[in-house]
Amino acid sequence: MTVDRVEPPLGADERTMLLAWLDYHRATLELKCDGLTDDQLRQRAVAASDLSLLGLVRHLGSAEYLWFRFWLAGETPNNPYDGDIAFEIDDADVAETFAFWRGECAHAREVVATFASLDDVGAGQQRGAGISLRYTLVHMIEEYARHNGHADLLREAIDGTTGD
């Protein structure tokens with residue numbers, strides 16, 4: 001499969017820029033996983049760690065679920081990969097994991113489209129305040145950027161592939 005990763009625009013309004021960067025990071029994760037076998041996707045960074053590419057996909061699918069379905073849309077939590085379970089991948093189905101992650105990315109885009117402004121807040125609250133769409137998008141970009149750094153190291157350890 002070819003991963004379509006589009007460079008974010010150099011100039012755009014804030015919403016367009018944030019959405020472009022989030023999609024860029026989503027595509028980067030997929031690129032880091034592209035062409036690997038199921039066993040390679042399960043390969044851990046080091047024996048003492050649960051960190052794997054497949055675990056990162058499950059974790060980020062879980063983050064998409066939590067931030068867009070729960071905090072913004074106010075849906076009842078029913079996250080299959082909540083918490084540390086995302087990294088417990090020994091019996092994980094690779095196709096199911098990627099379908100969940102891709103589905104949550106698509107659903108997140110639908111949720112975002114329901115917000116008129118980046119300043120609009122979702123149904124959930126943290127620290128006594130509503131969470132804005134802007135905060136959620138910035139947080140998710142940070143979440144992907146951090147974990148894509150892990151994915152870089154994992155991919156290089158698996159087959160020597162480097163690059164962003």
# chains A, B, ... in the order shown; residues from 1 in each chain; ligands from 1

call {"tool": "residues_around", "arguments": {"residues": "region 146-153 of chain A", "least_positions_apart": "2", "cutoff": "8 Å", "atoms": "only C-alpha atoms", "output": "PyMOL selection string"}}
result
chain A and resi 25+28-29+32+45+52-53+56+142-144+155-157+162-164

call {"tool": "write_last_selection", "arguments": {"atoms": "N, CA and C atoms", "output": "mmCIF file, in the first residue's frame"}}
result
data_model
loop_
_atom_site.group_PDB
_atom_site.id
_atom_site.type_symbol
_atom_site.label_atom_id
_atom_site.label_comp_id
_atom_site.auth_asym_id
_atom_site.auth_seq_id
_atom_site.Cartn_x
_atom_site.Cartn_y
_atom_site.Cartn_z
ATOM 1 N N HIS A 25 0.873 13.932 10.585
ATOM 2 C CA HIS A 25 1.397 13.026 11.609
ATOM 3 C C HIS A 25 0.696 11.677 11.591
ATOM 4 N N THR A 28 2.340 9.879 8.867
ATOM 5 C CA THR A 28 3.699 9.501 9.242
ATOM 6 C C THR A 28 3.690 8.194 10.019
ATOM 7 N N LEU A 29 2.763 8.036 10.950
ATOM 8 C CA LEU A 29 2.664 6.775 11.682
ATOM 9 C C LEU A 29 2.404 5.625 10.728
ATOM 10 N N LYS A 32 5.516 4.694 8.854
ATOM 11 C CA LYS A 32 6.475 3.942 9.673
ATOM 12 C C LYS A 32 6.105 2.464 9.752
ATOM 13 N N ALA A 45 10.849 -2.629 21.211
ATOM 14 C CA ALA A 45 12.088 -1.858 21.139
ATOM 15 C C ALA A 45 13.194 -2.546 21.924
ATOM 16 N N SER A 52 5.902 -1.094 20.895
ATOM 17 C CA SER A 52 5.988 -1.674 19.546
ATOM 18 C C SER A 52 5.199 -0.767 18.604
ATOM 19 N N LEU A 53 5.421 -0.934 17.317
ATOM 20 C CA LEU A 53 4.656 -0.149 16.348
ATOM 21 C C LEU A 53 3.167 -0.473 16.449
ATOM 22 N N LEU A 56 1.761 1.236 19.353
ATOM 23 C CA LEU A 56 1.574 2.678 19.098
ATOM 24 C C LEU A 56 0.311 2.930 18.291
ATOM 25 N N GLU A 142 0.801 17.031 19.214
ATOM 26 C CA GLU A 142 1.896 16.725 20.149
ATOM 27 C C GLU A 142 1.974 15.230 20.422
ATOM 28 N N GLU A 143 0.835 14.595 20.619
ATOM 29 C CA GLU A 143 0.790 13.151 20.911
ATOM 30 C C GLU A 143 1.391 12.350 19.756
ATOM 31 N N TYR A 144 0.978 12.666 18.546
ATOM 32 C CA TYR A 144 1.524 11.969 17.375
ATOM 33 C C TYR A 144 3.004 12.271 17.180
ATOM 34 N N ARG A 155 11.210 1.518 13.868
ATOM 35 C CA ARG A 155 11.364 1.116 12.467
ATOM 36 C C ARG A 155 12.823 0.910 12.111
ATOM 37 N N GLU A 156 13.693 1.794 12.577
ATOM 38 C CA GLU A 156 15.113 1.640 12.295
ATOM 39 C C GLU A 156 15.667 0.353 12.907
ATOM 40 N N ALA A 157 15.199 0.011 14.105
ATOM 41 C CA ALA A 157 15.651 -1.220 14.750
ATOM 42 C C ALA A 157 15.140 -2.465 14.019
ATOM 43 N N THR A 162 15.146 4.572 7.780
ATOM 44 C CA THR A 162 15.193 5.854 8.477
ATOM 45 C C THR A 162 14.491 6.909 7.637
ATOM 46 N N GLY A 163 14.304 8.051 8.222
ATOM 47 C CA GLY A 163 13.667 9.163 7.512
ATOM 48 C C GLY A 163 12.390 9.546 8.189
ATOM 49 N N ASP A 164 11.918 10.763 7.841
ATOM 50 C CA ASP A 164 10.685 11.206 8.509
ATOM 51 C C ASP A 164 9.467 10.798 7.754
#

call {"tool": "residues_around", "arguments": {"residues": "Ile85 (chain A)", "least_positions_apart": "3", "cutoff": "9 Å", "atoms": "only C-alpha atoms", "output": "PyMOL selection string"}}
result
chain A and resi 55+58-59+80-82+88-89

call {"tool": "residues_around", "arguments": {"residues": "Val112 (chain A)", "least_positions_apart": "5", "cutoff": "10 Å", "atoms": "only C-alpha atoms", "output": "MDAnalysis selection string"}}
result
chainID A and resid 19 68 72:73 107 117:118 133 136:137

call {"tool": "write_last_selection", "arguments": {"atoms": "N, CA and C atoms", "output": "compact mmCIF listing (two decimals), in the first residue's frame"}}
result
# COMPACT_ATOMS: atom_id res chain seq x y z
N LEU A 19 -5.30 21.08 11.17
CA LEU A 19 -5.81 19.83 10.59
C LEU A 19 -4.81 19.20 9.64
N PHE A 68 -11.65 12.76 20.66
CA PHE A 68 -12.69 13.23 19.75
C PHE A 68 -14.07 12.67 20.09
N LEU A 72 -14.69 15.64 23.12
CA LEU A 72 -15.37 16.63 22.27
C LEU A 72 -16.83 16.27 22.02
N ALA A 73 -17.10 15.05 21.56
CA ALA A 73 -18.46 14.69 21.17
C ALA A 73 -19.34 14.26 22.35
N HIS A 107 -13.60 9.17 12.09
CA HIS A 107 -14.64 9.70 12.98
C HIS A 107 -14.21 11.04 13.58
N SER A 117 -15.96 26.73 15.36
CA SER A 117 -14.79 27.52 15.71
C SER A 117 -13.80 26.68 16.51
N LEU A 118 -12.53 27.01 16.38
CA LEU A 118 -11.51 26.37 17.20
C LEU A 118 -11.71 26.67 18.68
N LEU A 133 -11.75 22.82 20.82
CA LEU A 133 -11.26 22.11 19.64
C LEU A 133 -9.80 22.44 19.40
N THR A 136 -7.59 20.42 21.71
CA THR A 136 -7.59 19.02 21.30
C THR A 136 -6.69 18.80 20.09
N LEU A 137 -6.78 19.64 19.09
CA LEU A 137 -5.95 19.48 17.90
C LEU A 137 -4.47 19.65 18.23

call {"tool": "select_by_dssp", "arguments": {"residues": "region 71-132 of chain A", "states": "alpha helix (DSSP H)", "output": "ChimeraX atom specification"}}
result
/A:94-113

call {"tool": "write_last_selection", "arguments": {"atoms": "N, CA and C atoms", "output": "mmCIF file, in the first residue's frame"}}
result
data_model
loop_
_atom_site.group_PDB
_atom_site.id
_atom_site.type_symbol
_atom_site.label_atom_id
_atom_site.label_comp_id
_atom_site.auth_asym_id
_atom_site.auth_seq_id
_atom_site.Cartn_x
_atom_site.Cartn_y
_atom_site.Cartn_z
ATOM 1 N N VAL A 94 -3.714 -7.584 13.715
ATOM 2 C CA VAL A 94 -3.144 -6.411 13.051
ATOM 3 C C VAL A 94 -4.184 -5.688 12.201
ATOM 4 N N ALA A 95 -4.925 -6.435 11.390
ATOM 5 C CA ALA A 95 -5.931 -5.799 10.530
ATOM 6 C C ALA A 95 -6.992 -5.089 11.363
ATOM 7 N N GLU A 96 -7.421 -5.717 12.455
ATOM 8 C CA GLU A 96 -8.417 -5.107 13.333
ATOM 9 C C GLU A 96 -7.872 -3.837 13.987
ATOM 10 N N THR A 97 -6.616 -3.882 14.395
ATOM 11 C CA THR A 97 -5.984 -2.717 15.022
ATOM 12 C C THR A 97 -5.937 -1.540 14.065
ATOM 13 N N PHE A 98 -5.492 -1.789 12.830
ATOM 14 C CA PHE A 98 -5.417 -0.703 11.848
ATOM 15 C C PHE A 98 -6.811 -0.226 11.453
ATOM 16 N N ALA A 99 -7.790 -1.126 11.374
ATOM 17 C CA ALA A 99 -9.164 -0.721 11.053
ATOM 18 C C ALA A 99 -9.722 0.180 12.156
ATOM 19 N N PHE A 100 -9.443 -0.180 13.424
ATOM 20 C CA PHE A 100 -9.889 0.656 14.539
ATOM 21 C C PHE A 100 -9.251 2.038 14.454
ATOM 22 N N TRP A 101 -7.934 2.087 14.297
ATOM 23 C CA TRP A 101 -7.222 3.368 14.234
ATOM 24 C C TRP A 101 -7.732 4.229 13.072
ATOM 25 N N ARG A 102 -7.819 3.637 11.875
ATOM 26 C CA ARG A 102 -8.288 4.400 10.714
ATOM 27 C C ARG A 102 -9.731 4.875 10.910
ATOM 28 N N GLY A 103 -10.554 4.017 11.497
ATOM 29 C CA GLY A 103 -11.938 4.388 11.761
ATOM 30 C C GLY A 103 -12.041 5.552 12.733
ATOM 31 N N GLU A 104 -11.189 5.529 13.756
ATOM 32 C CA GLU A 104 -11.203 6.620 14.725
ATOM 33 C C GLU A 104 -10.681 7.922 14.111
ATOM 34 N N CYS A 105 -9.703 7.825 13.225
ATOM 35 C CA CYS A 105 -9.228 9.030 12.519
ATOM 36 C C CYS A 105 -10.348 9.613 11.665
ATOM 37 N N ALA A 106 -11.065 8.754 10.960
ATOM 38 C CA ALA A 106 -12.178 9.216 10.125
ATOM 39 C C ALA A 106 -13.277 9.825 10.988
ATOM 40 N N HIS A 107 -13.603 9.168 12.091
ATOM 41 C CA HIS A 107 -14.643 9.703 12.979
ATOM 42 C C HIS A 107 -14.211 11.042 13.576
ATOM 43 N N ALA A 108 -12.932 11.164 13.917
ATOM 44 C CA ALA A 108 -12.423 12.428 14.454
ATOM 45 C C ALA A 108 -12.646 13.565 13.456
ATOM 46 N N ARG A 109 -12.415 13.293 12.181
ATOM 47 C CA ARG A 109 -12.637 14.322 11.153
ATOM 48 C C ARG A 109 -14.111 14.738 11.125
ATOM 49 N N GLU A 110 -15.006 13.763 11.303
ATOM 50 C CA GLU A 110 -16.434 14.066 11.329
ATOM 51 C C GLU A 110 -16.786 14.936 12.541
ATOM 52 N N VAL A 111 -16.218 14.605 13.686
ATOM 53 C CA VAL A 111 -16.476 15.389 14.894
ATOM 54 C C VAL A 111 -15.973 16.818 14.704
ATOM 55 N N VAL A 112 -14.765 16.960 14.185
ATOM 56 C CA VAL A 112 -14.182 18.290 13.973
ATOM 57 C C VAL A 112 -15.104 19.133 13.080
ATOM 58 N N ALA A 113 -15.677 18.507 12.063
ATOM 59 C CA ALA A 113 -16.545 19.243 11.126
ATOM 60 C C ALA A 113 -17.791 19.810 11.806
#

call {"tool": "select_by_dssp", "arguments": {"residues": "region 23-131 of chain A", "states": "strand (DSSP E)", "output": "VMD selection string"}}
result
chain A and resid 121 to 126 129 to 131

call {"tool": "write_last_selection", "arguments": {"atoms": "C-alpha atoms", "output": "PDB file, in the first residue's frame"}}
result
ATOM      1  CA  VAL A 121     -15.620  23.486  23.602  1.00  0.00           C
ATOM      2  CA  GLY A 122     -16.668  19.870  23.670  1.00  0.00           C
ATOM      3  CA  ALA A 123     -18.970  18.045  26.052  1.00  0.00           C
ATOM      4  CA  GLY A 124     -16.219  16.857  28.406  1.00  0.00           C
ATOM      5  CA  GLN A 125     -14.354  18.806  31.057  1.00  0.00           C
ATOM      6  CA  GLN A 126     -10.921  18.636  32.615  1.00  0.00           C
ATOM      7  CA  ALA A 129     -13.198  23.644  32.246  1.00  0.00           C
ATOM      8  CA  GLY A 130     -14.413  22.623  28.824  1.00  0.00           C
ATOM      9  CA  ILE A 131     -11.865  21.495  26.282  1.00  0.00           C
TER      10      ILE A 131
END

call {"tool": "atom_distance", "arguments": {"atom1": "CA of Gly11 (chain A)", "atom2": "CA of Thr114 (chain A)"}}
result
23.9 Å

call {"tool": "atom_distance", "arguments": {"atom1": "CA of Glu30 (chain A)", "atom2": "CA of Gly74 (chain A)"}}
result
27.5 Å

call {"tool": "atom_distance", "arguments": {"atom1": "CA of Ala92 (chain A)", "atom2": "CA of Gln43 (chain A)"}}
result
12.4 Å
